[in-house]
Amino acid sequence: MNVTLRQLNAFIAVSRHKSFTKAADELYLTQSSLSGLIKEMENQLGITLFDRTTRQLHLSEAGERLVPYALNVLDDMRMFTGEIHDIKDYHQGKVRIAASQQLAATIMPSLIKAFKQAHPDIQVSLIDCGIGEVMERVQLIDADIGIGPEHPFSSDILAETLFSSKFYLIVKPDHALAGRSEVTWQDIPVGELITLQAAFAEQIRAALPMELTERLFRADYEVNFLSTALGMTQMGLGMTLALSYAKNWIDQHDLTMIPIKEPKIDRKFLLYQHKHRSPSAAVLAFANFLKTYAKHWQIDTP
(Lines give C-alpha, C1' and ligand atoms only; values in the text may rest on other atoms or scores of the structure.)
Protein backbone atom coordinates (compact mmCIF):
# COMPACT_ATOMS: atom_id res chain seq x y z
CA MET A 1 0.00 0.00 0.00
CA ASN A 2 1.51 3.28 -1.12
CA VAL A 3 -0.96 6.12 -0.59
CA THR A 4 0.46 9.45 -1.70
CA LEU A 5 -0.11 12.94 -0.33
CA ARG A 6 -1.66 13.95 -3.66
CA GLN A 7 -4.21 11.17 -3.23
CA LEU A 8 -4.96 12.21 0.35
CA ASN A 9 -5.42 15.84 -0.69
CA ALA A 10 -7.74 14.74 -3.48
CA PHE A 11 -9.72 12.52 -1.08
CA ILE A 12 -10.20 15.32 1.47
CA ALA A 13 -11.09 17.91 -1.17
CA VAL A 14 -13.78 15.69 -2.72
CA SER A 15 -15.17 14.73 0.71
CA ARG A 16 -15.39 18.40 1.69
CA HIS A 17 -17.04 19.66 -1.48
CA LYS A 18 -19.00 16.47 -2.31
CA SER A 19 -18.21 17.40 -5.89
CA PHE A 20 -15.42 16.41 -8.26
CA THR A 21 -15.86 19.69 -10.14
CA LYS A 22 -15.37 21.96 -7.12
CA ALA A 23 -12.57 19.80 -5.70
CA ALA A 24 -10.74 19.85 -9.04
CA ASP A 25 -11.00 23.66 -9.14
CA GLU A 26 -9.57 23.93 -5.59
CA LEU A 27 -6.62 21.69 -6.44
CA TYR A 28 -6.07 23.18 -9.93
CA LEU A 29 -6.58 19.78 -11.54
CA THR A 30 -8.72 18.54 -14.36
CA GLN A 31 -11.70 16.40 -13.34
CA SER A 32 -10.18 13.41 -15.10
CA SER A 33 -6.89 13.80 -13.19
CA LEU A 34 -8.78 14.10 -9.89
CA SER A 35 -10.94 11.08 -10.67
CA GLY A 36 -7.77 9.16 -11.51
CA LEU A 37 -6.21 9.97 -8.11
CA ILE A 38 -9.32 8.81 -6.25
CA LYS A 39 -9.53 5.62 -8.34
CA GLU A 40 -5.83 4.86 -7.71
CA MET A 41 -6.32 5.33 -3.97
CA GLU A 42 -9.39 3.07 -3.92
CA ASN A 43 -7.52 0.38 -5.85
CA GLN A 44 -4.51 0.55 -3.54
CA LEU A 45 -6.70 0.38 -0.41
CA GLY A 46 -9.08 -2.20 -1.86
CA ILE A 47 -12.13 -0.24 -0.70
CA THR A 48 -14.68 2.20 -2.09
CA LEU A 49 -14.31 5.73 -0.73
CA PHE A 50 -17.36 7.35 -2.32
CA ASP A 51 -20.84 6.21 -3.19
CA ARG A 52 -21.78 7.72 -6.50
CA THR A 53 -25.24 8.26 -7.99
CA THR A 54 -26.28 10.21 -11.06
CA ARG A 55 -27.04 13.28 -8.95
CA GLN A 56 -25.12 12.97 -5.65
CA LEU A 57 -21.74 12.00 -4.29
CA HIS A 58 -21.37 10.75 -0.71
CA LEU A 59 -18.61 9.29 1.38
CA SER A 60 -18.93 5.57 1.83
CA GLU A 61 -18.89 4.09 5.32
CA ALA A 62 -15.19 3.29 4.86
CA GLY A 63 -14.56 6.79 3.56
CA GLU A 64 -16.26 8.34 6.59
CA ARG A 65 -13.99 6.36 8.91
CA LEU A 66 -10.82 7.33 7.02
CA VAL A 67 -11.44 11.09 6.79
CA PRO A 68 -10.18 11.94 10.34
CA TYR A 69 -6.98 9.93 9.79
CA ALA A 70 -6.36 11.54 6.41
CA LEU A 71 -6.83 14.99 7.96
CA ASN A 72 -4.35 14.13 10.73
CA VAL A 73 -1.77 13.00 8.20
CA LEU A 74 -2.15 16.19 6.16
CA ASP A 75 -2.00 18.36 9.28
CA ASP A 76 1.16 16.60 10.42
CA MET A 77 2.71 17.07 6.99
CA ARG A 78 1.86 20.77 7.04
CA MET A 79 3.50 21.08 10.45
CA PHE A 80 6.50 19.09 9.20
CA THR A 81 6.87 21.30 6.13
CA GLY A 82 6.41 24.44 8.22
CA GLU A 83 9.09 23.29 10.66
CA ILE A 84 11.51 22.74 7.77
CA HIS A 85 10.85 26.24 6.47
CA ASP A 86 11.28 27.68 9.97
CA ILE A 87 14.60 25.92 10.40
CA LYS A 88 15.86 27.03 7.00
CA ASP A 89 14.68 30.59 7.43
CA TYR A 90 15.89 30.92 11.06
CA HIS A 91 12.34 31.80 12.12
CA GLN A 92 12.38 29.38 15.03
CA GLY A 93 14.93 27.62 17.15
CA LYS A 94 16.96 27.92 20.31
CA VAL A 95 20.52 29.01 21.01
CA ARG A 96 22.29 28.29 24.31
CA ILE A 97 25.22 30.62 24.99
CA ALA A 98 27.84 30.19 27.69
CA ALA A 99 29.63 33.48 28.35
CA SER A 100 32.20 34.51 30.92
CA GLN A 101 30.65 36.44 33.79
CA GLN A 102 32.00 39.88 32.86
CA LEU A 103 30.90 39.55 29.23
CA ALA A 104 27.50 38.26 30.31
CA ALA A 105 26.99 41.31 32.52
CA THR A 106 28.29 43.93 30.07
CA ILE A 107 28.09 43.44 26.31
CA MET A 108 25.94 40.30 26.04
CA PRO A 109 22.60 41.94 26.99
CA SER A 110 22.87 44.53 24.19
CA LEU A 111 24.00 41.84 21.73
CA ILE A 112 21.07 39.57 22.59
CA LYS A 113 18.62 42.48 22.36
CA ALA A 114 19.87 43.35 18.87
CA PHE A 115 19.73 39.71 17.80
CA LYS A 116 16.17 39.29 19.12
CA GLN A 117 15.09 42.34 17.13
CA ALA A 118 16.46 40.73 13.97
CA HIS A 119 15.25 37.19 14.82
CA PRO A 120 12.32 37.53 17.26
CA ASP A 121 11.32 33.84 17.08
CA ILE A 122 14.70 32.42 18.04
CA GLN A 123 14.96 31.72 21.76
CA VAL A 124 18.28 32.74 23.32
CA SER A 125 19.41 31.24 26.62
CA LEU A 126 22.40 32.89 28.36
CA ILE A 127 24.56 30.94 30.81
CA ASP A 128 26.88 33.22 32.80
CA CYS A 129 29.81 31.30 34.23
CA GLY A 130 33.52 31.26 34.89
CA ILE A 131 36.03 31.23 32.05
CA GLY A 132 36.92 27.55 32.49
CA GLU A 133 33.26 26.59 32.69
CA VAL A 134 32.64 28.16 29.28
CA MET A 135 34.85 25.42 27.76
CA GLU A 136 33.22 22.75 29.88
CA ARG A 137 29.71 23.78 28.82
CA VAL A 138 30.66 23.60 25.14
CA GLN A 139 32.55 20.34 25.63
CA LEU A 140 29.54 18.70 27.30
CA ILE A 141 27.17 20.24 24.72
CA ASP A 142 25.31 22.08 27.48
CA ALA A 143 25.92 25.19 25.37
CA ASP A 144 25.83 25.62 21.59
CA ILE A 145 28.24 28.55 21.66
CA GLY A 146 30.85 29.69 24.15
CA ILE A 147 32.15 33.26 24.33
CA GLY A 148 35.07 34.20 26.52
CA PRO A 149 38.73 35.17 26.83
CA GLU A 150 41.48 33.09 25.30
CA HIS A 151 41.81 29.94 27.38
CA PRO A 152 43.27 26.43 26.90
CA PHE A 153 40.80 24.08 25.22
CA SER A 154 40.64 20.46 24.07
CA SER A 155 40.92 19.12 20.52
CA ASP A 156 37.12 18.76 20.41
CA ILE A 157 36.67 22.53 20.50
CA LEU A 158 36.83 24.94 17.57
CA ALA A 159 37.89 28.49 18.44
CA GLU A 160 37.65 31.68 16.40
CA THR A 161 38.88 35.12 17.48
CA LEU A 162 36.10 37.70 17.81
CA PHE A 163 37.97 40.75 19.09
CA SER A 164 40.78 41.87 21.34
CA SER A 165 41.03 44.60 23.95
CA LYS A 166 43.88 46.27 25.79
CA PHE A 167 43.94 46.89 29.53
CA TYR A 168 42.91 50.15 31.16
CA LEU A 169 43.76 51.56 34.56
CA ILE A 170 40.65 52.51 36.54
CA VAL A 171 40.93 55.35 39.05
CA LYS A 172 38.73 57.86 40.86
CA PRO A 173 38.21 61.15 38.95
CA ASP A 174 40.16 63.05 41.62
CA HIS A 175 43.18 60.73 41.49
CA ALA A 176 46.52 62.25 40.46
CA LEU A 177 46.62 60.05 37.35
CA ALA A 178 43.03 60.78 36.25
CA GLY A 179 44.01 63.63 33.94
CA ARG A 180 46.55 61.55 31.99
CA SER A 181 45.71 60.49 28.40
CA GLU A 182 47.68 57.27 28.97
CA VAL A 183 49.95 55.67 31.53
CA THR A 184 52.64 53.00 31.65
CA TRP A 185 52.73 50.02 33.99
CA GLN A 186 55.62 51.73 35.74
CA ASP A 187 53.35 54.69 36.56
CA ILE A 188 51.05 52.57 38.73
CA PRO A 189 51.78 53.37 42.41
CA VAL A 190 53.05 50.59 44.62
CA GLY A 191 50.45 49.04 46.90
CA GLU A 192 47.37 50.50 45.19
CA LEU A 193 46.52 47.95 42.47
CA ILE A 194 43.43 45.83 43.09
CA THR A 195 43.51 42.83 40.73
CA LEU A 196 41.33 39.88 39.85
CA GLN A 197 42.40 36.35 40.60
CA ALA A 198 43.05 33.51 38.13
CA ALA A 199 43.60 34.02 34.40
CA PHE A 200 42.94 37.77 34.37
CA ALA A 201 45.99 38.55 36.53
CA GLU A 202 48.10 35.65 35.26
CA GLN A 203 48.18 37.03 31.73
CA ILE A 204 49.40 40.40 32.96
CA ARG A 205 52.05 38.83 35.17
CA ALA A 206 53.33 36.77 32.24
CA ALA A 207 53.72 39.88 30.06
CA LEU A 208 55.50 42.09 32.63
CA PRO A 209 58.99 41.89 34.11
CA MET A 210 59.11 39.94 37.34
CA GLU A 211 60.33 42.89 39.40
CA LEU A 212 57.35 44.94 38.24
CA THR A 213 54.78 42.24 39.01
CA GLU A 214 56.29 41.73 42.46
CA ARG A 215 55.96 45.45 43.08
CA LEU A 216 52.40 45.87 41.77
CA PHE A 217 50.58 42.65 42.71
CA ARG A 218 49.61 42.03 46.32
CA ALA A 219 47.85 38.90 47.54
CA ASP A 220 45.69 40.90 49.95
CA TYR A 221 44.46 43.07 47.05
CA GLU A 222 43.18 40.23 44.87
CA VAL A 223 39.42 39.78 44.50
CA ASN A 224 37.20 37.40 42.51
CA PHE A 225 34.93 39.83 40.68
CA LEU A 226 35.37 43.08 38.78
CA SER A 227 32.32 44.51 40.53
CA THR A 228 34.16 44.12 43.85
CA ALA A 229 37.30 45.78 42.48
CA LEU A 230 35.28 48.70 41.12
CA GLY A 231 33.47 49.14 44.43
CA MET A 232 36.77 49.21 46.32
CA THR A 233 38.21 51.70 43.83
CA GLN A 234 35.14 53.90 44.18
CA MET A 235 35.70 53.96 47.95
CA GLY A 236 39.29 55.14 47.49
CA LEU A 237 40.88 51.85 48.55
CA GLY A 238 43.09 51.70 45.47
CA MET A 239 42.83 51.39 41.68
CA THR A 240 42.06 48.48 39.41
CA LEU A 241 42.30 47.17 35.86
CA ALA A 242 39.58 46.52 33.29
CA LEU A 243 38.99 46.01 29.60
CA SER A 244 37.08 48.48 27.46
CA TYR A 245 33.87 46.43 27.26
CA ALA A 246 33.32 47.20 30.96
CA LYS A 247 32.91 50.93 30.25
CA ASN A 248 29.24 51.03 31.31
CA TRP A 249 30.09 49.48 34.67
CA ILE A 250 32.92 51.93 35.16
CA ASP A 251 30.71 54.90 34.26
CA GLN A 252 28.10 53.72 36.75
CA HIS A 253 30.75 53.80 39.48
CA ASP A 254 31.81 57.30 38.38
CA LEU A 255 35.35 56.14 37.68
CA THR A 256 37.90 57.09 35.00
CA MET A 257 39.51 54.78 32.40
CA ILE A 258 43.09 55.41 31.29
CA PRO A 259 44.74 53.29 28.53
CA ILE A 260 47.94 51.54 29.59
CA LYS A 261 50.95 51.37 27.27
CA GLU A 262 54.53 50.09 27.48
CA PRO A 263 54.04 47.25 27.18
CA LYS A 264 50.64 47.09 25.54
CA ILE A 265 48.91 43.93 26.72
CA ASP A 266 45.94 42.69 24.70
CA ARG A 267 43.41 40.11 25.69
CA LYS A 268 41.70 38.09 22.96
CA PHE A 269 38.09 36.98 23.14
CA LEU A 270 37.00 33.94 21.18
CA LEU A 271 33.94 32.12 19.90
CA TYR A 272 34.00 28.47 20.99
CA GLN A 273 31.99 25.64 19.40
CA HIS A 274 32.09 21.84 19.52
CA LYS A 275 33.96 20.39 16.56
CA HIS A 276 31.81 17.27 16.20
CA ARG A 277 28.39 18.88 16.47
CA SER A 278 26.56 20.24 13.44
CA PRO A 279 25.12 23.64 14.37
CA SER A 280 21.42 24.27 13.82
CA ALA A 281 20.25 27.10 11.59
CA ALA A 282 19.45 29.16 14.68
CA VAL A 283 22.97 28.65 16.06
CA LEU A 284 24.48 29.59 12.70
CA ALA A 285 22.33 32.71 12.63
CA PHE A 286 23.54 33.76 16.07
CA ALA A 287 27.19 32.96 15.32
CA ASN A 288 27.12 35.01 12.11
CA PHE A 289 25.32 37.85 13.87
CA LEU A 290 27.89 37.76 16.68
CA LYS A 291 30.83 37.97 14.26
CA THR A 292 29.30 40.93 12.45
CA TYR A 293 28.38 42.63 15.73
CA ALA A 294 31.88 42.14 17.15
CA LYS A 295 33.44 43.90 14.14
CA HIS A 296 31.58 47.07 15.07
CA TRP A 297 32.55 47.08 18.73
CA GLN A 298 34.82 50.03 19.47
CA ILE A 299 36.97 47.82 21.64
CA ASP A 300 39.85 50.21 22.15
CA THR A 301 37.86 53.45 22.29
CA PRO A 302 36.09 53.63 25.66
# chains A, B, ... in the order shown; residues from 1 in each chain; ligands from 1
>>> select_by_dssp(residues="segment 164-282 of chain A", states="helix (DSSP H, G or I)", output="PyMOL selection string")
chain A and resi 185-187+199-207+210-216+219-221+226-234+244-252+281-282
>>> closest_atom_pairs(of="segment 179-283 of chain A", to="segment 153-164 of chain A", cutoff="12 Å", atoms="only C-alpha atoms", output="Markdown table")
| residue | atom | partner | partner_atom | distance |
| --- | --- | --- | --- | --- |
| A:Leu243 | CA | A:Ser164 | CA | 9.4 |
| A:Ser244 | CA | A:Ser164 | CA | 9.7 |
| A:Tyr245 | CA | A:Ser164 | CA | 10.2 |
| A:Lys264 | CA | A:Ser164 | CA | 11.9 |
| A:Ile265 | CA | A:Ser164 | CA | 10.0 |
| A:Asp266 | CA | A:Ser164 | CA | 6.2 |
| A:Arg267 | CA | A:Ser164 | CA | 5.4 |
| A:Lys268 | CA | A:Ser164 | CA | 4.2 |
| A:Phe269 | CA | A:Phe163 | CA | 5.5 |
| A:Leu270 | CA | A:Thr161 | CA | 4.3 |
| A:Leu271 | CA | A:Glu160 | CA | 5.1 |
| A:Tyr272 | CA | A:Ala159 | CA | 4.6 |
| A:Gln273 | CA | A:Leu158 | CA | 5.2 |
| A:His274 | CA | A:Ile157 | CA | 4.7 |
| A:Lys275 | CA | A:Ile157 | CA | 5.2 |
| A:His276 | CA | A:Asp156 | CA | 6.9 |
| A:Arg277 | CA | A:Asp156 | CA | 9.6 |
>>> select_by_dssp(residues="segment 25-155 of chain A", states="strand (DSSP E)", output="PyMOL selection string")
chain A and resi 50-52+57-59+93-100+122-129+145-149
>>> decode(residues="segment 36-71 of chain A", atoms="N, CA and C atoms", output="PDB file, in the first residue's frame")
ATOM      1  N   GLY A  36      -8.818  10.170 -11.453  1.00  0.00           N
ATOM      2  CA  GLY A  36      -7.767   9.157 -11.515  1.00  0.00           C
ATOM      3  C   GLY A  36      -7.078   8.969 -10.173  1.00  0.00           C
ATOM      4  N   LEU A  37      -6.839  10.075  -9.433  1.00  0.00           N
ATOM      5  CA  LEU A  37      -6.211   9.975  -8.111  1.00  0.00           C
ATOM      6  C   LEU A  37      -7.092   9.206  -7.140  1.00  0.00           C
ATOM      7  N   ILE A  38      -8.403   9.499  -7.152  1.00  0.00           N
ATOM      8  CA  ILE A  38      -9.318   8.805  -6.245  1.00  0.00           C
ATOM      9  C   ILE A  38      -9.385   7.324  -6.603  1.00  0.00           C
ATOM     10  N   LYS A  39      -9.443   7.013  -7.920  1.00  0.00           N
ATOM     11  CA  LYS A  39      -9.529   5.618  -8.344  1.00  0.00           C
ATOM     12  C   LYS A  39      -8.275   4.859  -7.947  1.00  0.00           C
ATOM     13  N   GLU A  40      -7.083   5.508  -8.114  1.00  0.00           N
ATOM     14  CA  GLU A  40      -5.828   4.864  -7.713  1.00  0.00           C
ATOM     15  C   GLU A  40      -5.821   4.563  -6.219  1.00  0.00           C
ATOM     16  N   MET A  41      -6.306   5.514  -5.421  1.00  0.00           N
ATOM     17  CA  MET A  41      -6.316   5.331  -3.968  1.00  0.00           C
ATOM     18  C   MET A  41      -7.266   4.197  -3.580  1.00  0.00           C
ATOM     19  N   GLU A  42      -8.434   4.148  -4.225  1.00  0.00           N
ATOM     20  CA  GLU A  42      -9.392   3.072  -3.923  1.00  0.00           C
ATOM     21  C   GLU A  42      -8.810   1.715  -4.301  1.00  0.00           C
ATOM     22  N   ASN A  43      -8.113   1.648  -5.427  1.00  0.00           N
ATOM     23  CA  ASN A  43      -7.519   0.379  -5.850  1.00  0.00           C
ATOM     24  C   ASN A  43      -6.412  -0.058  -4.903  1.00  0.00           C
ATOM     25  N   GLN A  44      -5.611   0.889  -4.461  1.00  0.00           N
ATOM     26  CA  GLN A  44      -4.512   0.553  -3.543  1.00  0.00           C
ATOM     27  C   GLN A  44      -5.049   0.095  -2.192  1.00  0.00           C
ATOM     28  N   LEU A  45      -6.132   0.744  -1.704  1.00  0.00           N
ATOM     29  CA  LEU A  45      -6.701   0.383  -0.410  1.00  0.00           C
ATOM     30  C   LEU A  45      -7.618  -0.827  -0.499  1.00  0.00           C
ATOM     31  N   GLY A  46      -8.148  -1.086  -1.689  1.00  0.00           N
ATOM     32  CA  GLY A  46      -9.077  -2.198  -1.865  1.00  0.00           C
ATOM     33  C   GLY A  46     -10.453  -1.912  -1.296  1.00  0.00           C
ATOM     34  N   ILE A  47     -10.821  -0.639  -1.222  1.00  0.00           N
ATOM     35  CA  ILE A  47     -12.131  -0.244  -0.704  1.00  0.00           C
ATOM     36  C   ILE A  47     -12.696   0.880  -1.559  1.00  0.00           C
ATOM     37  N   THR A  48     -14.009   1.099  -1.416  1.00  0.00           N
ATOM     38  CA  THR A  48     -14.678   2.201  -2.094  1.00  0.00           C
ATOM     39  C   THR A  48     -14.766   3.381  -1.132  1.00  0.00           C
ATOM     40  N   LEU A  49     -14.320   4.539  -1.588  1.00  0.00           N
ATOM     41  CA  LEU A  49     -14.310   5.727  -0.729  1.00  0.00           C
ATOM     42  C   LEU A  49     -15.567   6.573  -0.878  1.00  0.00           C
ATOM     43  N   PHE A  50     -16.172   6.529  -2.064  1.00  0.00           N
ATOM     44  CA  PHE A  50     -17.357   7.348  -2.316  1.00  0.00           C
ATOM     45  C   PHE A  50     -18.459   6.503  -2.942  1.00  0.00           C
ATOM     46  N   ASP A  51     -19.679   6.784  -2.539  1.00  0.00           N
ATOM     47  CA  ASP A  51     -20.844   6.208  -3.190  1.00  0.00           C
ATOM     48  C   ASP A  51     -21.355   7.215  -4.202  1.00  0.00           C
ATOM     49  N   ARG A  52     -21.424   6.807  -5.433  1.00  0.00           N
ATOM     50  CA  ARG A  52     -21.783   7.723  -6.505  1.00  0.00           C
ATOM     51  C   ARG A  52     -23.168   7.372  -7.046  1.00  0.00           C
ATOM     52  N   THR A  53     -23.970   8.390  -7.278  1.00  0.00           N
ATOM     53  CA  THR A  53     -25.237   8.255  -7.985  1.00  0.00           C
ATOM     54  C   THR A  53     -25.218   9.259  -9.133  1.00  0.00           C
ATOM     55  N   THR A  54     -26.254   9.278  -9.925  1.00  0.00           N
ATOM     56  CA  THR A  54     -26.283  10.205 -11.060  1.00  0.00           C
ATOM     57  C   THR A  54     -26.349  11.643 -10.597  1.00  0.00           C
ATOM     58  N   ARG A  55     -26.873  11.907  -9.419  1.00  0.00           N
ATOM     59  CA  ARG A  55     -27.041  13.283  -8.955  1.00  0.00           C
ATOM     60  C   ARG A  55     -26.197  13.631  -7.741  1.00  0.00           C
ATOM     61  N   GLN A  56     -25.795  12.672  -6.917  1.00  0.00           N
ATOM     62  CA  GLN A  56     -25.123  12.967  -5.651  1.00  0.00           C
ATOM     63  C   GLN A  56     -23.858  12.121  -5.476  1.00  0.00           C
ATOM     64  N   LEU A  57     -22.989  12.677  -4.640  1.00  0.00           N
ATOM     65  CA  LEU A  57     -21.741  11.996  -4.293  1.00  0.00           C
ATOM     66  C   LEU A  57     -21.620  12.012  -2.778  1.00  0.00           C
ATOM     67  N   HIS A  58     -21.457  10.868  -2.154  1.00  0.00           N
ATOM     68  CA  HIS A  58     -21.368  10.754  -0.705  1.00  0.00           C
ATOM     69  C   HIS A  58     -20.168   9.890  -0.326  1.00  0.00           C
ATOM     70  N   LEU A  59     -19.629  10.177   0.828  1.00  0.00           N
ATOM     71  CA  LEU A  59     -18.615   9.290   1.383  1.00  0.00           C
ATOM     72  C   LEU A  59     -19.233   7.945   1.708  1.00  0.00           C
ATOM     73  N   SER A  60     -18.504   6.893   1.405  1.00  0.00           N
ATOM     74  CA  SER A  60     -18.934   5.566   1.830  1.00  0.00           C
ATOM     75  C   SER A  60     -18.698   5.419   3.324  1.00  0.00           C
ATOM     76  N   GLU A  61     -19.135   4.334   3.890  1.00  0.00           N
ATOM     77  CA  GLU A  61     -18.888   4.089   5.315  1.00  0.00           C
ATOM     78  C   GLU A  61     -17.393   4.016   5.597  1.00  0.00           C
ATOM     79  N   ALA A  62     -16.647   3.368   4.701  1.00  0.00           N
ATOM     80  CA  ALA A  62     -15.193   3.287   4.861  1.00  0.00           C
ATOM     81  C   ALA A  62     -14.565   4.671   4.726  1.00  0.00           C
ATOM     82  N   GLY A  63     -15.076   5.449   3.749  1.00  0.00           N
ATOM     83  CA  GLY A  63     -14.557   6.791   3.556  1.00  0.00           C
ATOM     84  C   GLY A  63     -14.774   7.677   4.768  1.00  0.00           C
ATOM     85  N   GLU A  64     -15.946   7.569   5.383  1.00  0.00           N
ATOM     86  CA  GLU A  64     -16.256   8.336   6.593  1.00  0.00           C
ATOM     87  C   GLU A  64     -15.259   8.027   7.700  1.00  0.00           C
ATOM     88  N   ARG A  65     -14.900   6.750   7.840  1.00  0.00           N
ATOM     89  CA  ARG A  65     -13.988   6.361   8.906  1.00  0.00           C
ATOM     90  C   ARG A  65     -12.553   6.837   8.633  1.00  0.00           C
ATOM     91  N   LEU A  66     -12.197   6.963   7.362  1.00  0.00           N
ATOM     92  CA  LEU A  66     -10.817   7.334   7.023  1.00  0.00           C
ATOM     93  C   LEU A  66     -10.566   8.837   7.000  1.00  0.00           C
ATOM     94  N   VAL A  67     -11.628   9.639   6.879  1.00  0.00           N
ATOM     95  CA  VAL A  67     -11.440  11.093   6.788  1.00  0.00           C
ATOM     96  C   VAL A  67     -10.626  11.664   7.961  1.00  0.00           C
ATOM     97  N   PRO A  68     -10.955  11.347   9.223  1.00  0.00           N
ATOM     98  CA  PRO A  68     -10.177  11.935  10.340  1.00  0.00           C
ATOM     99  C   PRO A  68      -8.693  11.579  10.282  1.00  0.00           C
ATOM    100  N   TYR A  69      -8.389  10.340   9.855  1.00  0.00           N
ATOM    101  CA  TYR A  69      -6.984   9.927   9.785  1.00  0.00           C
ATOM    102  C   TYR A  69      -6.266  10.652   8.651  1.00  0.00           C
ATOM    103  N   ALA A  70      -6.956  10.813   7.533  1.00  0.00           N
ATOM    104  CA  ALA A  70      -6.359  11.540   6.410  1.00  0.00           C
ATOM    105  C   ALA A  70      -6.087  12.992   6.798  1.00  0.00           C
ATOM    106  N   LEU A  71      -7.031  13.617   7.512  1.00  0.00           N
ATOM    107  CA  LEU A  71      -6.833  14.991   7.964  1.00  0.00           C
ATOM    108  C   LEU A  71      -5.638  15.101   8.910  1.00  0.00           C
TER     109      LEU A  71
END
